Amino acid sequence: SHIVTDTEEAAQSILARVQAGEDFATLATELSSDPATAQNGGDLGWYPPGVLTEEFSQEFEAAAFGLQKGQVYTTTIQSYFGFHIIKMTDSDPNRPIEADKLTQLQNVALDNWLAVQIKSQAVERLIDSDKQFWVQTQVAKQSPPKK
């Protein structure tokens, strides 16, 4: 689960309230700027390791999966969504991975593999920028005029 705010100051204030014993889900419902999760008390749903990095950040994922069930991360985490307070609501290492999350993991694995291959000597580029430009101009000549 998470609570998202636009400013670090707001996130720090909410984190202090959580640490003082206020209910995480209630604060998420009242104060989170993420409308999709606020209505569920901040619940993000089930995520396997490897997906949160793509959706939020590597730091977010490391923080979330470093927690035990019921724990709240001791500092705020910044992503492009804002500043997060993170709680490990539940954990089940034997839970089957949902199809959409499995697809995300497969895409991450493919992207990582491709990055390694491109950096290695094994990839030979057969089209240089001049050939690519020629192809683009030929395609443009074939395209119907825009209306």
# chains A, B, ... in the order shown; residues from 1 in each chain; ligands from 1
>>> select_by_dssp(residues="chain A", states="alpha helix (DSSP H)", output="PyMOL selection string")
chain A and resi 8-19+24-31+35-38+52-55+58-65+99-119+129-142
>>> residues_around(residues="Thr37 (chain A)", least_positions_apart="2", cutoff="12 Å", atoms="only C-alpha atoms", output="list in words")
Ser1, His2, Ile3, Val4, Ala25, Thr26, Leu27, Ala28, Thr29, Glu30, Leu31, Ser32, Ser33, Asp34, Pro35, Gln39, Asn40, Gly41, Gly42, Asp43, Leu44 and Gly45 of chain A
>>> atom_distance(atom1="CA of Glu55 (chain A)", atom2="CA of Gln19 (chain A)")
26.0 Å
>>> residues_around(residues="Leu102 (chain A)", least_positions_apart="3", cutoff="10 Å", atoms="only C-alpha atoms", output="list in words")
Tyr47, Pro48, Gly50, Val51, Pro96, Ile97, Glu98, Ala99, Leu105, Gln106, Asn107 and Val108 of chain A
>>> residues_around(residues="Tyr80 (chain A)", least_positions_apart="6", cutoff="10 Å", atoms="only C-alpha atoms", output="NGL selection string")
:A and (6 or 55-57)
>>> write_last_selection(atoms="all heavy atoms", output="PDB file, in the first residue's frame")
ATOM      1  N   ASP A   6       2.080  15.428  -3.184  1.00  0.00           N
ATOM      2  CA  ASP A   6       2.802  16.249  -4.161  1.00  0.00           C
ATOM      3  C   ASP A   6       4.100  16.829  -3.615  1.00  0.00           C
ATOM      4  O   ASP A   6       4.988  17.171  -4.376  1.00  0.00           O
ATOM      5  CB  ASP A   6       1.910  17.381  -4.665  1.00  0.00           C
ATOM      6  CG  ASP A   6       0.704  16.859  -5.429  1.00  0.00           C
ATOM      7  OD1 ASP A   6       0.797  15.767  -6.023  1.00  0.00           O
ATOM      8  OD2 ASP A   6      -0.339  17.540  -5.424  1.00  0.00           O
ATOM      9  N   GLU A  55       7.032   0.550 -12.697  1.00  0.00           N
ATOM     10  CA  GLU A  55       5.895   1.440 -12.481  1.00  0.00           C
ATOM     11  C   GLU A  55       6.232   2.650 -11.617  1.00  0.00           C
ATOM     12  O   GLU A  55       5.651   3.715 -11.803  1.00  0.00           O
ATOM     13  CB  GLU A  55       4.736   0.656 -11.870  1.00  0.00           C
ATOM     14  CG  GLU A  55       4.186  -0.369 -12.847  1.00  0.00           C
ATOM     15  CD  GLU A  55       2.845  -0.924 -12.449  1.00  0.00           C
ATOM     16  OE1 GLU A  55       2.191  -0.366 -11.549  1.00  0.00           O
ATOM     17  OE2 GLU A  55       2.444  -1.923 -13.050  1.00  0.00           O
ATOM     18  N   PHE A  56       7.167   2.489 -10.690  1.00  0.00           N
ATOM     19  CA  PHE A  56       7.502   3.592  -9.784  1.00  0.00           C
ATOM     20  C   PHE A  56       8.986   3.936  -9.871  1.00  0.00           C
ATOM     21  O   PHE A  56       9.359   4.905 -10.475  1.00  0.00           O
ATOM     22  CB  PHE A  56       7.104   3.247  -8.346  1.00  0.00           C
ATOM     23  CG  PHE A  56       5.624   3.096  -8.166  1.00  0.00           C
ATOM     24  CD1 PHE A  56       5.038   1.839  -8.123  1.00  0.00           C
ATOM     25  CD2 PHE A  56       4.802   4.205  -8.066  1.00  0.00           C
ATOM     26  CE1 PHE A  56       3.672   1.696  -7.972  1.00  0.00           C
ATOM     27  CE2 PHE A  56       3.431   4.076  -7.916  1.00  0.00           C
ATOM     28  CZ  PHE A  56       2.863   2.812  -7.871  1.00  0.00           C
ATOM     29  N   SER A  57       9.815   3.133  -9.223  1.00  0.00           N
ATOM     30  CA  SER A  57      11.267   3.338  -9.263  1.00  0.00           C
ATOM     31  C   SER A  57      11.942   2.154  -8.585  1.00  0.00           C
ATOM     32  O   SER A  57      11.314   1.398  -7.852  1.00  0.00           O
ATOM     33  CB  SER A  57      11.671   4.643  -8.553  1.00  0.00           C
ATOM     34  OG  SER A  57      11.510   4.523  -7.151  1.00  0.00           O
TER      35      SER A  57
END
>>> residues_around(residues="Phe83 (chain A)", least_positions_apart="6", cutoff="7 Å", atoms="only C-alpha atoms", output="PDB file with N, CA and C atoms, in the first residue's frame")
ATOM      1  N   VAL A   4       0.419   8.820  -1.519  1.00  0.00           N
ATOM      2  CA  VAL A   4       1.196   9.691  -2.399  1.00  0.00           C
ATOM      3  C   VAL A   4       0.812  11.138  -2.129  1.00  0.00           C
ATOM      4  N   THR A   5       1.837  12.006  -2.084  1.00  0.00           N
ATOM      5  CA  THR A   5       1.599  13.437  -1.940  1.00  0.00           C
ATOM      6  C   THR A   5       2.421  14.174  -2.984  1.00  0.00           C
ATOM      7  N   ASP A   6       2.080  15.428  -3.184  1.00  0.00           N
ATOM      8  CA  ASP A   6       2.802  16.249  -4.161  1.00  0.00           C
ATOM      9  C   ASP A   6       4.100  16.829  -3.615  1.00  0.00           C
ATOM     10  N   THR A   7       4.186  16.952  -2.284  1.00  0.00           N
ATOM     11  CA  THR A   7       5.379  17.552  -1.685  1.00  0.00           C
ATOM     12  C   THR A   7       5.995  16.626  -0.645  1.00  0.00           C
ATOM     13  N   GLU A   8       7.281  16.777  -0.465  1.00  0.00           N
ATOM     14  CA  GLU A   8       7.972  15.976   0.550  1.00  0.00           C
ATOM     15  C   GLU A   8       7.511  16.362   1.950  1.00  0.00           C
ATOM     16  N   ALA A  11       4.337  14.568   2.740  1.00  0.00           N
ATOM     17  CA  ALA A  11       4.619  13.149   2.960  1.00  0.00           C
ATOM     18  C   ALA A  11       5.255  12.929   4.335  1.00  0.00           C
ATOM     19  N   THR A  76      10.327   8.647   3.292  1.00  0.00           N
ATOM     20  CA  THR A  76       9.506   8.779   2.092  1.00  0.00           C
ATOM     21  C   THR A  76      10.358   8.430   0.868  1.00  0.00           C
ATOM     22  N   ILE A  77       9.702   8.020  -0.190  1.00  0.00           N
ATOM     23  CA  ILE A  77      10.361   7.669  -1.453  1.00  0.00           C
ATOM     24  C   ILE A  77       9.775   8.557  -2.547  1.00  0.00           C
TER      25      ILE A  77
END
>>> closest_residue(among="A:Ala63, A:Ile118, A:Gly70, A:Leu52", to="Phe24 (chain A)", atoms="only C-alpha atoms")
A:Gly70
>>> select_by_dssp(residues="region 1-144 of chain A", states="strand (DSSP E or B)", output="mmCIF file with N, CA and C atoms, in the first residue's frame")
data_model
loop_
_atom_site.group_PDB
_atom_site.id
_atom_site.type_symbol
_atom_site.label_atom_id
_atom_site.label_comp_id
_atom_site.auth_asym_id
_atom_site.auth_seq_id
_atom_site.Cartn_x
_atom_site.Cartn_y
_atom_site.Cartn_z
ATOM 1 N N HIS A 2 0.302 2.349 -0.448
ATOM 2 C CA HIS A 2 1.064 3.592 -0.414
ATOM 3 C C HIS A 2 0.131 4.786 -0.259
ATOM 4 N N ILE A 3 0.743 5.878 0.202
ATOM 5 C CA ILE A 3 0.094 7.178 0.240
ATOM 6 C C ILE A 3 0.993 8.073 -0.588
ATOM 7 N N VAL A 4 0.419 8.820 -1.519
ATOM 8 C CA VAL A 4 1.196 9.691 -2.399
ATOM 9 C C VAL A 4 0.812 11.138 -2.129
ATOM 10 N N THR A 5 1.837 12.006 -2.084
ATOM 11 C CA THR A 5 1.599 13.437 -1.940
ATOM 12 C C THR A 5 2.421 14.174 -2.984
ATOM 13 N N VAL A 72 5.853 -0.236 7.899
ATOM 14 C CA VAL A 72 5.848 0.987 7.097
ATOM 15 C C VAL A 72 7.296 1.412 6.920
ATOM 16 N N ILE A 77 9.702 8.020 -0.190
ATOM 17 C CA ILE A 77 10.361 7.669 -1.453
ATOM 18 C C ILE A 77 9.775 8.557 -2.547
ATOM 19 N N GLN A 78 10.643 9.112 -3.381
ATOM 20 C CA GLN A 78 10.172 9.960 -4.476
ATOM 21 C C GLN A 78 10.140 9.170 -5.776
ATOM 22 N N SER A 79 9.073 9.362 -6.544
ATOM 23 C CA SER A 79 8.976 8.842 -7.911
ATOM 24 C C SER A 79 8.392 9.964 -8.761
ATOM 25 N N GLY A 82 5.184 11.475 -7.302
ATOM 26 C CA GLY A 82 5.218 12.320 -6.110
ATOM 27 C C GLY A 82 6.042 11.658 -5.026
ATOM 28 N N PHE A 83 5.652 11.916 -3.776
ATOM 29 C CA PHE A 83 6.358 11.375 -2.618
ATOM 30 C C PHE A 83 5.474 10.325 -1.957
ATOM 31 N N HIS A 84 6.056 9.152 -1.704
ATOM 32 C CA HIS A 84 5.294 7.998 -1.228
ATOM 33 C C HIS A 84 5.638 7.634 0.207
ATOM 34 N N ILE A 85 4.613 7.206 0.936
ATOM 35 C CA ILE A 85 4.784 6.503 2.197
ATOM 36 C C ILE A 85 4.359 5.075 1.871
ATOM 37 N N ILE A 86 5.216 4.096 2.163
ATOM 38 C CA ILE A 86 4.982 2.719 1.722
ATOM 39 C C ILE A 86 4.744 1.800 2.914
ATOM 40 N N LYS A 87 3.760 0.931 2.776
ATOM 41 C CA LYS A 87 3.464 -0.080 3.791
ATOM 42 C C LYS A 87 3.338 -1.435 3.107
#
>>> atom_distance(atom1="CA of Phe65 (chain A)", atom2="CA of Glu9 (chain A)")
24.3 Å
>>> atom_distance(atom1="CA of Thr89 (chain A)", atom2="CA of Gln71 (chain A)")
7.6 Å
>>> closest_residue(among="A:Thr75, A:Glu61, A:Gln142, A:Pro93", to="Ser13 (chain A)", atoms="only C-alpha atoms")
A:Thr75
